[in-house]
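Read through the structure below, which is laid out as structure tokens, and then see the notes.
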Amino acid sequence: MGDAQPLLQVKDVSKSYFDNGKEFKILDRIRFELAEHDFVCVVGPSGCGKSTLLRIIVGLDTPTSGEVLFEGHPIRADNPQVAMVFQSFALFPWLTVAQNVELGLEALHEDPAKRRAVAKKFIDAVGLTGFENAYPRELSGGMKQRVGIARALAIEPLLLCMDEPFSSLDALTAQNLRDEILQLWSNPDLPPEAVLMVTHSIEEAVYLADRVIVLSSRPGRMVAELEIDLPRPRNRKDPEFYGWVDEIYSLIV
Amino acid sequence: MRGLRGRLRILAVALIVIGIGTAIVFPDAARAAATLPILALFSVLRMVAAYLLSLLFAISYGHTAATNRRAATVMLPVMDILQSIPILGFFPFVLLFFVNGPLGDPVGIETAAVFLIFTSMAWNMAFGVYESITTLPQDLDQAARGFGLHGWLRFRLLAFPAMVPKLVYNSILSWTNGWFFLVASEIITTPRASYIRPGLGSFIYLAGQRGDLGGIAIGIAALATVVLLLDIFLWRPTSVWSERFRIETTAAGERPSLHVPSPYERLRWLPRFPRLRREVARRIQPLLDGYARSSSKLDRVYSSHRRVIRAVRRADIGMFVVIFVIVVATGLIGLVGFFQRPLPPGARDLPIAAAFSFSRLLLAYLTALAWTIPAAAWLGRSKWAARFVTPAFEISASIPATALQPLIIGFAVVVTMGGYFAGEIGAYLVSLFAMQWYLLFNLIAGVRSIPGDLDEAARGFGLRGRTYWRRLLLPALVPSLATGSITAWGAGWNALIVAEYLQFGQSVFSVTGLGASLYGATVVTGDYAMGYLTVLTMTAVVLILNKLLWRPIYKRAAVKYRMEV
């Protein structure tokens with residue numbers, strides 16, 4: 001494998017559902033690549049199949065045609081190099097914060113002492129020190145999503161996939177978590193190396209991403225792939241920032 | 001809490017004084033009562049054995065039906081039919097199998113009793129497991145897959161915890177069903193012999209045969225005590241614990257389900273013994289820690305021994321096949337039995353018997369409806385009633401109708417002075433007692449689940465009296481009425497089997513009906529072909545009613561009258 005090999009290759013992925021013999025196309029020939037250190041956002045109106053796309057990319061769903069390669073091999077759902085953060089948090093209500101974070105490590109059969117140490121490290125990294133033994137129902141939405149992020153990072157993935165991770169949180173909490181994700185991503189000592197995020201908020205995409213992939217609605221088709229070359233940290237009041245937002249907005253409508 | 005403990009102490013002293021007083025006045029009854037604890041132990045052991053079997057069965061059956069689509073096409077209808085048919089009717093045939101088998105008396109009899117209780121407990125639990133797994137939020141399932149949870153680990157961390165709430169809820173229901181059948185299973189009569197196994201049920205039955213009202217009362221009190229003690233020390237803590245496993249997020253695609261009364265709503269007046277409970281929790285904590293420590297080792301062992309899991313699966317499926325074969329075999333043997341001979345002479349009377357049985361149940365159902373709807377409207381909303389009246393009903397409801405049967409027929413004999421109508425009244429009352437509690441408690445839960453703002457809106461717009469009932473209360477009660485009615489009719493058919501042929505002292509009171517016909521055929525004359533035909537008729541009636549009446553009503557109720565909370 002050469003150095004030029006991208007981390008993730010999405011090759012002409014299409015997805016259709018069949019209902020009474022009728023074909024409903026959800027995704028139409030999506031094609032892009034993602035390299036190490038990339039931060040890519042997929043934006044599109046609701047119902048454009050972006051969540052389905054993300055599930056196909058992490059191997060939880062299968063494409064009707066096309067394929068997804070991770071490090072040159074077909075993707076598998078339980079690949080520990082890829083971790084997923086859910087919009088609904090998807091925490092196990094009967095497990096404590098620490099046990100939720102240890103979930104992926106348990107599946108890898110790490111020994112309990114190591115599991116605990118790793119979980120502690122990432123619980124601290126997302127700022128939940130002291131809540132190790134709390135149950136998800138005792139936490140606020142923002143804290144729940146921190147657990148979701150810590151759980152994904154605990155298996156030390158190369159690629160972090162996020163499905164509208166901040167859309168069920170209030171605006172202030174969401175902004176804090178966005179900055180924290182950026183910090184984790186830019187920190188070379190901590191995972192992840194690359195982030196792929198699905199969102200319906202154009203502003204969020206411009207704020208976070210190096211590259212934005214714009215999908216159209218029904219079926220989801222790639223409308224554009226844009227390099228956002230704004231310097232970081234980005235300022236939402238910057239006219240250039242707004243230039244990008246407007247451009248993407250006009251592409252969708 | 002001090003006040004409560006003080007009151008309990010006074011209650012205990014009062015009970016002891018009453019006990020000593022009764023013992024002095026009725027020395028015979030006292031002697032009989034001294035055997036009660038050991039009899040209670042026998043009865044509970046039978047229940048525990050049947051319950052553990054049901055638990056194992058329910059988990060593996062429900063899990064397989066939920067995860068294996070091909071198996072589900074057979075397993076679901078089987079579960080559905082076996083859940084709704086009057087199992088008690090098949091008991092004589094199952095008995096024949098066990099008593100005449102190699103086990104004999106007493107092992108065969110005990111096995112038959114446990115098997116009967118098992119068949120009354122297993123199905124709703126299996127349905128609970130099935131529902132828990134099929135309604136698992138998609139995101140949790142995907143998270144589990146994404147993080148690589150497979151096999152045993154997935155079961156331990158995802159599937160099993162997800163089934164806990166419904167499993168616990170249905171366990172409580174199953175125990176209620178189980179007590180009903182336990183009482184019926186301890187006295188086993190065939191045309192050739194009568195087998196009586198020691199237990200609370202047989203104690204009550206024997207007292208009834210002697211016409212000993214004091215003995216009946218003591219037996220029933222003992223049974224109620226056991227049921228309530230188990231509620232305090234087993235089921236209430238378990239249902240509190242099970243709340244931890246409730247999944248709160250309502251995922252898209254979840255099927256609409258009717259309101260189910262939370263086990264919390266039951267028996268909320270019972271003492272909770274917080275100190276004792278903390279003490280027990282402290283004692284078992286090291287055990288739980290030990291389990292947690294060794295669980296990862298266990299996981300490794302399990303995942304390296306896939307064969308063990310496969311063996312367990314196979315054993316479960318084997319158990320299912322055995323049960324299935326028994327049911328099908330008894331069915332086939334019966335069928336062959338009657339094609340060899342001409343139809344038994346009594347067959348012509350079966351439609352009339354069915355009509356009589358149905359009218360009896362209908363009358364009992366309408367009576368129950370007439371008093372439970374207003375009662376629930378009051379009990380569900382009055383704090384005072386919830387505190388003082390509901391407990392009285394809950395104690396009464398904890399006594400299975402089968403245990404009340406000697407008392408009821410005794411009452412009927414006294415009222416009618418031993419006339420023909422004693423049998424009719426007895427059968428009607430036993431059915432009423434078997435049916436009414438399911439309606440009452442479901443309806444109370446329905447009243448309690450009416451959202452507060454809806455009630456306030458109704459009152460705010462000035463809905464009062466009849467309009468209030470017509471526009472809010474009755475429509476809101478439709479779902480719980482549907483659930484309650486289905487369960488009540490199920491219980492009613494089972495009750496008929498013991499209700500239509502009653503004995504008090506030396507007299508026998510038999511009325512026209514399927515239950516009496518079954519009893520006559522399998523116990524008195526030994527005409528098994530006739531008995532088989534009777535059970536078949538009853539099953540057909542029940543299944544037709546379910547398909548044509550209850551299922552459509554339930555579906556409509558689930559869609560139209562559901563409260564979106």
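Every chain in the structure tokens takes a letter, A first, then B, and so on in the order presented; its residues are numbered from 1, and the ligands are numbered from 1 following the presented order.
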Query - Which of range 70-129 of chain A DSSP labels helix (DSSP H, G or I), written as a PyMOL selection string - result: chain A and resi 97-101+103-107+112-125
Set out as a tab-separated table a contact list for chain B and chain A with a cut-off of 8 Å, giving each residue of chain B that qualifies its closest atom pair and distance in Å to one decimal, counting only C-alpha atoms, ordered by chain and rising residue number.
```
residue	atom	partner	partner_atom	distance
B:Asp139	CA	A:Ala90	CA	5.5
B:Leu140	CA	A:Ala90	CA	5.0
B:Gln142	CA	A:Leu60	CA	6.8
B:Ala143	CA	A:Ala90	CA	6.6
B:Arg145	CA	A:Asp78	CA	6.3
B:Gly146	CA	A:Asp78	CA	4.9
B:Phe147	CA	A:Gly104	CA	4.8
B:Gly148	CA	A:Asp78	CA	4.4
B:Leu149	CA	A:Ala107	CA	5.4
B:His150	CA	A:Ala107	CA	7.8
B:Leu153	CA	A:Ala107	CA	7.3
B:Leu158	CA	A:Phe92	CA	7.6
B:Pro161	CA	A:Trp94	CA	6.9
B:Arg244	CA	A:Trp94	CA	5.9
B:Phe245	CA	A:Trp94	CA	5.1
B:Arg246	CA	A:Pro93	CA	7.3
B:Ile247	CA	A:Pro93	CA	6.4
B:Thr249	CA	A:Ser88	CA	8.0
B:Arg293	CA	A:Pro112	CA	7.8
B:Ser296	CA	A:Pro112	CA	7.3
B:Arg300	CA	A:His109	CA	7.1
```
Report task. Tell me which protein, DNA and RNA residues are within 9 Å of Trp185 in chain A, counting only C-alpha atoms, leaving out same-chain ones fewer than 4 positions away, and put them as a list in words. Result ->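 The contact residues come out as His37, Phe39, Glu180, Ile181, Leu190, Pro191, Pro192, Glu193, Ala194 and Val195 of chain A.
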Query raised in the report: Any idea what the distance is between CA of Val183 in chain B and CA of Ile18 in chain B?
Result: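 That distance, rounded to one decimal, is 26.6 Å.
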Requested in this report: Pick out the residues sitting within 9 Å of Glu424 in chain B, and hand them over as a list of chain:residue names; count only C-alpha atoms, and ignore anything fewer than 2 positions along from it in its own chain.
Outcome: B:Arg360, B:Ala412, B:Tyr420, B:Phe421, B:Ala422, B:Gly426, B:Ala427, B:Tyr428, B:Leu429, B:Glu500, B:Phe509, B:Ser510, B:Val511, B:Thr512
Report task. Would you kindly return, as a list in words, each protein, DNA or RNA residue with an atom no farther than 12 Å from any atom of Glu243 in chain B, considering only C-alpha atoms and excluding same-chain residues fewer than 6 positions away? Result ->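 Contacts, in chain order: Pro93, Trp94 and Arg137 of chain A; Pro161, Ala162, Met163, Val164, Pro165, Lys166, Leu167, Val168, Tyr169, Arg236, Pro237, Ser262, Pro263 and Tyr264 of chain B.
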Once you have the residues from the selection above, write them out as a short mmCIF file (atom, residue, chain, number, x, y, z; two decimals), in the first residue's frame, restricted to all heavy atoms.
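Writing the result to part.cif gives the following:
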```cif
data_model
loop_
_atom_site.label_atom_id
_atom_site.label_comp_id
_atom_site.auth_asym_id
_atom_site.auth_seq_id
_atom_site.Cartn_x
_atom_site.Cartn_y
_atom_site.Cartn_z
N PRO A 93 -29.17 2.28 28.51
CA PRO A 93 -29.67 2.91 29.74
C PRO A 93 -29.33 2.12 31.01
O PRO A 93 -29.34 2.68 32.09
CB PRO A 93 -31.19 2.96 29.53
CG PRO A 93 -31.48 2.00 28.44
CD PRO A 93 -30.25 1.91 27.60
N TRP A 94 -29.05 0.82 30.86
CA TRP A 94 -28.77 0.02 32.05
C TRP A 94 -27.29 -0.02 32.39
O TRP A 94 -26.89 -0.71 33.32
CB TRP A 94 -29.29 -1.41 31.85
CG TRP A 94 -29.01 -1.92 30.48
CD1 TRP A 94 -27.85 -2.45 30.03
CD2 TRP A 94 -29.92 -1.91 29.38
NE1 TRP A 94 -27.97 -2.77 28.71
CE2 TRP A 94 -29.22 -2.46 28.28
CE3 TRP A 94 -31.23 -1.50 29.22
CZ2 TRP A 94 -29.82 -2.61 27.03
CZ3 TRP A 94 -31.81 -1.65 27.97
CH2 TRP A 94 -31.12 -2.20 26.90
N ARG A 137 -29.69 8.24 32.31
CA ARG A 137 -30.91 9.00 32.59
C ARG A 137 -30.66 10.14 33.55
O ARG A 137 -31.47 11.07 33.63
CB ARG A 137 -31.98 8.07 33.15
CG ARG A 137 -31.82 7.73 34.62
CD ARG A 137 -32.72 6.59 34.98
NE ARG A 137 -32.40 5.42 34.18
CZ ARG A 137 -33.29 4.58 33.68
NH1 ARG A 137 -34.54 4.79 33.88
NH2 ARG A 137 -32.90 3.53 33.00
N PRO B 161 -30.76 -7.21 29.08
CA PRO B 161 -31.26 -6.04 29.82
C PRO B 161 -32.51 -5.45 29.19
O PRO B 161 -33.42 -5.02 29.91
CB PRO B 161 -30.09 -5.05 29.73
CG PRO B 161 -28.90 -5.86 29.46
CD PRO B 161 -29.36 -7.06 28.69
N ALA B 162 -32.59 -5.47 27.86
CA ALA B 162 -33.75 -4.87 27.21
C ALA B 162 -35.02 -5.64 27.51
O ALA B 162 -36.11 -5.09 27.47
CB ALA B 162 -33.51 -4.80 25.70
N MET B 163 -34.90 -6.95 27.79
CA MET B 163 -36.13 -7.70 28.05
C MET B 163 -36.56 -7.64 29.52
O MET B 163 -37.67 -8.06 29.85
CB MET B 163 -36.03 -9.14 27.55
CG MET B 163 -34.81 -9.90 27.89
SD MET B 163 -34.86 -11.62 27.31
CE MET B 163 -33.88 -11.60 25.84
N VAL B 164 -35.67 -7.13 30.39
CA VAL B 164 -35.99 -7.19 31.82
C VAL B 164 -37.35 -6.54 32.19
O VAL B 164 -38.16 -7.19 32.85
CB VAL B 164 -34.83 -6.60 32.66
CG1 VAL B 164 -35.27 -6.32 34.08
CG2 VAL B 164 -33.67 -7.56 32.66
N PRO B 165 -37.65 -5.30 31.76
CA PRO B 165 -38.91 -4.71 32.23
C PRO B 165 -40.14 -5.54 31.88
O PRO B 165 -40.97 -5.81 32.75
CB PRO B 165 -38.95 -3.36 31.52
CG PRO B 165 -37.55 -3.04 31.19
CD PRO B 165 -36.89 -4.35 30.93
N LYS B 166 -40.23 -5.97 30.62
CA LYS B 166 -41.41 -6.74 30.24
C LYS B 166 -41.40 -8.13 30.85
O LYS B 166 -42.45 -8.70 31.14
CB LYS B 166 -41.50 -6.85 28.71
CG LYS B 166 -42.06 -5.57 28.13
CD LYS B 166 -42.52 -5.71 26.72
CE LYS B 166 -43.22 -4.45 26.31
NZ LYS B 166 -42.85 -3.98 24.99
N LEU B 167 -40.21 -8.66 31.05
CA LEU B 167 -40.11 -9.98 31.66
C LEU B 167 -40.60 -9.93 33.10
O LEU B 167 -41.34 -10.81 33.56
CB LEU B 167 -38.65 -10.45 31.62
CG LEU B 167 -38.38 -11.94 31.62
CD1 LEU B 167 -39.24 -12.67 30.61
CD2 LEU B 167 -36.92 -12.20 31.35
N VAL B 168 -40.22 -8.89 33.83
CA VAL B 168 -40.64 -8.77 35.22
C VAL B 168 -42.14 -8.53 35.30
O VAL B 168 -42.86 -9.19 36.06
CB VAL B 168 -39.87 -7.65 35.94
CG1 VAL B 168 -40.48 -7.35 37.30
CG2 VAL B 168 -38.41 -8.04 36.10
N TYR B 169 -42.63 -7.62 34.46
CA TYR B 169 -44.06 -7.33 34.44
C TYR B 169 -44.86 -8.61 34.17
O TYR B 169 -45.83 -8.91 34.86
CB TYR B 169 -44.36 -6.28 33.38
CG TYR B 169 -45.82 -6.02 33.21
CD1 TYR B 169 -46.51 -5.22 34.11
CD2 TYR B 169 -46.53 -6.60 32.17
CE1 TYR B 169 -47.85 -5.01 33.97
CE2 TYR B 169 -47.88 -6.40 32.03
CZ TYR B 169 -48.54 -5.60 32.93
OH TYR B 169 -49.87 -5.39 32.80
N ARG B 236 -42.17 -6.70 44.36
CA ARG B 236 -42.03 -5.26 44.36
C ARG B 236 -40.58 -4.80 44.22
O ARG B 236 -40.28 -3.98 43.35
CB ARG B 236 -42.68 -4.64 45.57
CG ARG B 236 -43.03 -3.20 45.19
CD ARG B 236 -42.72 -2.32 46.26
NE ARG B 236 -43.81 -2.36 47.21
CZ ARG B 236 -44.80 -1.50 47.21
NH1 ARG B 236 -44.83 -0.57 46.30
NH2 ARG B 236 -45.73 -1.56 48.10
N PRO B 237 -39.64 -5.40 45.01
CA PRO B 237 -38.24 -5.02 44.78
C PRO B 237 -37.80 -5.30 43.35
O PRO B 237 -37.10 -4.49 42.74
CB PRO B 237 -37.46 -5.89 45.77
CG PRO B 237 -38.44 -6.34 46.77
CD PRO B 237 -39.79 -6.31 46.15
N SER B 262 -48.27 -0.26 35.25
CA SER B 262 -46.96 -0.54 35.80
C SER B 262 -47.13 -1.35 37.08
O SER B 262 -48.10 -1.16 37.80
CB SER B 262 -46.25 0.78 36.10
OG SER B 262 -45.44 0.63 37.24
N PRO B 263 -46.21 -2.27 37.33
CA PRO B 263 -46.33 -3.04 38.57
C PRO B 263 -46.29 -2.14 39.81
O PRO B 263 -46.75 -2.52 40.87
CB PRO B 263 -45.11 -3.97 38.52
CG PRO B 263 -44.27 -3.52 37.39
CD PRO B 263 -45.10 -2.69 36.50
N TYR B 264 -45.74 -0.93 39.63
CA TYR B 264 -45.74 0.05 40.72
C TYR B 264 -47.15 0.34 41.21
O TYR B 264 -47.37 0.62 42.36
CB TYR B 264 -45.24 1.39 40.21
CG TYR B 264 -43.78 1.56 40.27
CD1 TYR B 264 -43.13 2.33 39.33
CD2 TYR B 264 -43.04 0.96 41.28
CE1 TYR B 264 -41.77 2.50 39.37
CE2 TYR B 264 -41.69 1.12 41.31
CZ TYR B 264 -41.06 1.89 40.36
OH TYR B 264 -39.72 2.06 40.40
#
```
Query raised in the report: Residues of range 80-137 of chain A in strand (DSSP E or B) according to DSSP, as JSON, numbers by chain?
Result: {"A": [82, 83, 84, 85]}
Requested in this report: Can you pull out every residue within 12 Å of Arg232 in chain A, counting only C-alpha atoms, but drop anything in the same chain fewer than 3 positions away, and send it as a list of chain:residue names?
Outcome: A:Asp179, A:Leu182, A:Gln183, A:Ser186, A:Val206, A:Tyr207, A:Leu208, A:Ala209, A:Asp210, A:Ile228, A:Asp229, A:Asn235, A:Arg236, A:Asp238, A:Phe241
